[in-house]
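**Q** This structure is in structure tokens; I'll ask about it shortly.
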Amino acid sequence: MAPRTRLSAALKRPEASYTGVYLLFGEDDHGPLAYIGEGEDIGGRIKSHDTKKDWWTTAVLVTTAGNNLNKAHAKYLESRLVEEARRVGKIRLDNGNTPPRSSLSEAAQANIESFLEYIMMVLPALRIDSFLAQTRPQPTAATNPTDSAAESEAVFELRTPKHGIDARAVLTDGEFVVLAGSKASPKWRGKTSQHTGYSKLHEELTASGVLVPEGELSVFGENYAFKSPSAAAAVVNGRPTNGTTEWRLPGGKTYKQWEAEKLM
């Protein structure tokens, strides 16, 4: 991974001339943007895009130490990465249509799918979450929110009666998941000197359809996983909020108190 300003040094690495896939990240007038490509000389392909595309600022090269990917492997990976990026829907792609998967034997396809799993683990470590879905499946008719809270055995609530806000959330796999049907602020109410942070997240969730306008409020159309209780509380309230004290159990105990008891 290298910023565009240091691309020349990055492409001097021998791996840059290997077969593989590459990802370009940046933004244009409409927001974050990415491009996914492949090549038998990924460094050469990136040099081509360096002159043709002026919006990207970061490049990620994906290959193997032994240069044992071939053209068919790379084309299959390119197709799968485009599929996953579009399925998750967190970033716009500069790609046209999703490229077709190359024809691989059953064994080769299994190996490349396994390699893809490693890519999906490495990218978040590079702080690239474009392939990480934050939405979570809806509970089935046979379950209830408490069933979804198997990890914490607790359903947290955040209510702001003045604005009609009423949300519920659970801890699942270490993430703070606001449940579908939760009522939230329809707009960002807090003061922000810059259009960043939680205000931007609130806007993105509205644009992507996670937050659905309903009367004078917005409603979570699906379960959504936040990185922290405060991030969840800020989006629900439409302003910066200390989620550790605002989220409470039905009996009144705050998330902070509940967490402290768990650590004893």
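Residue numbering restarts at 1 for every chain of the structure tokens, chains are lettered A, B, ... in their displayed order, and ligands are numbered from 1 as they appear.
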Need the shell around Ser130 of chain A: protein/DNA/RNA residues with any atom at most 7 Å away, counting only C-alpha atoms. Skip same-chain ones fewer than 6 positions apart. Format as a PyMOL selection string?
**A** chain A and resi 85+90-91
**Q** Nearest to Tyr35 of chain A: which of A:Thr19, A:Asn68, A:Thr57, A:Gln109 is it, counting only C-alpha atoms?
**A**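 Closest residue, counting only C-alpha atoms: A:Thr57.
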**Q** Could you give me, as a ChimeraX atom specification, each residue of segment 16-258 of chain A that DSSP assigns to strand (DSSP E or B) when run on this structure's backbone?
**A** /A:20-28,31-39,56-62,92-93,135-136,156-160,165-172,175-178,183-184,211-214,217-220,223-226,248,254
**Q** For Gly221 of chain A, list every protein, DNA or RNA residue within 7 Å, evaluated using only C-alpha atoms, and leave out those in the same chain fewer than 3 positions away; present the list as a list in words.
**A** Ala180, Gly181, Val210, Leu211 and Val212 of chain A
**Q** Based on the selection just made, write C-alpha atoms of those residues as a short mmCIF file (atom, residue, chain, number, x, y, z; two decimals), in the first residue's frame.
**A**
```
data_model
loop_
_atom_site.label_atom_id
_atom_site.label_comp_id
_atom_site.auth_asym_id
_atom_site.auth_seq_id
_atom_site.Cartn_x
_atom_site.Cartn_y
_atom_site.Cartn_z
CA ALA A 180 -33.93 -2.47 12.75
CA GLY A 181 -37.02 -0.42 13.62
CA VAL A 210 -30.04 2.27 6.26
CA LEU A 211 -31.83 5.26 7.80
CA VAL A 212 -35.26 5.60 6.20
#
```
**Q** Given the choices A:Arg80, A:His49, A:Arg92, A:Arg13, which gets closest to Ser208 of chain A if the distance is worked out from only C-alpha atoms?
**A**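 Of the candidates, the smallest distance to Ser208 of chain A is held by A:Arg92.
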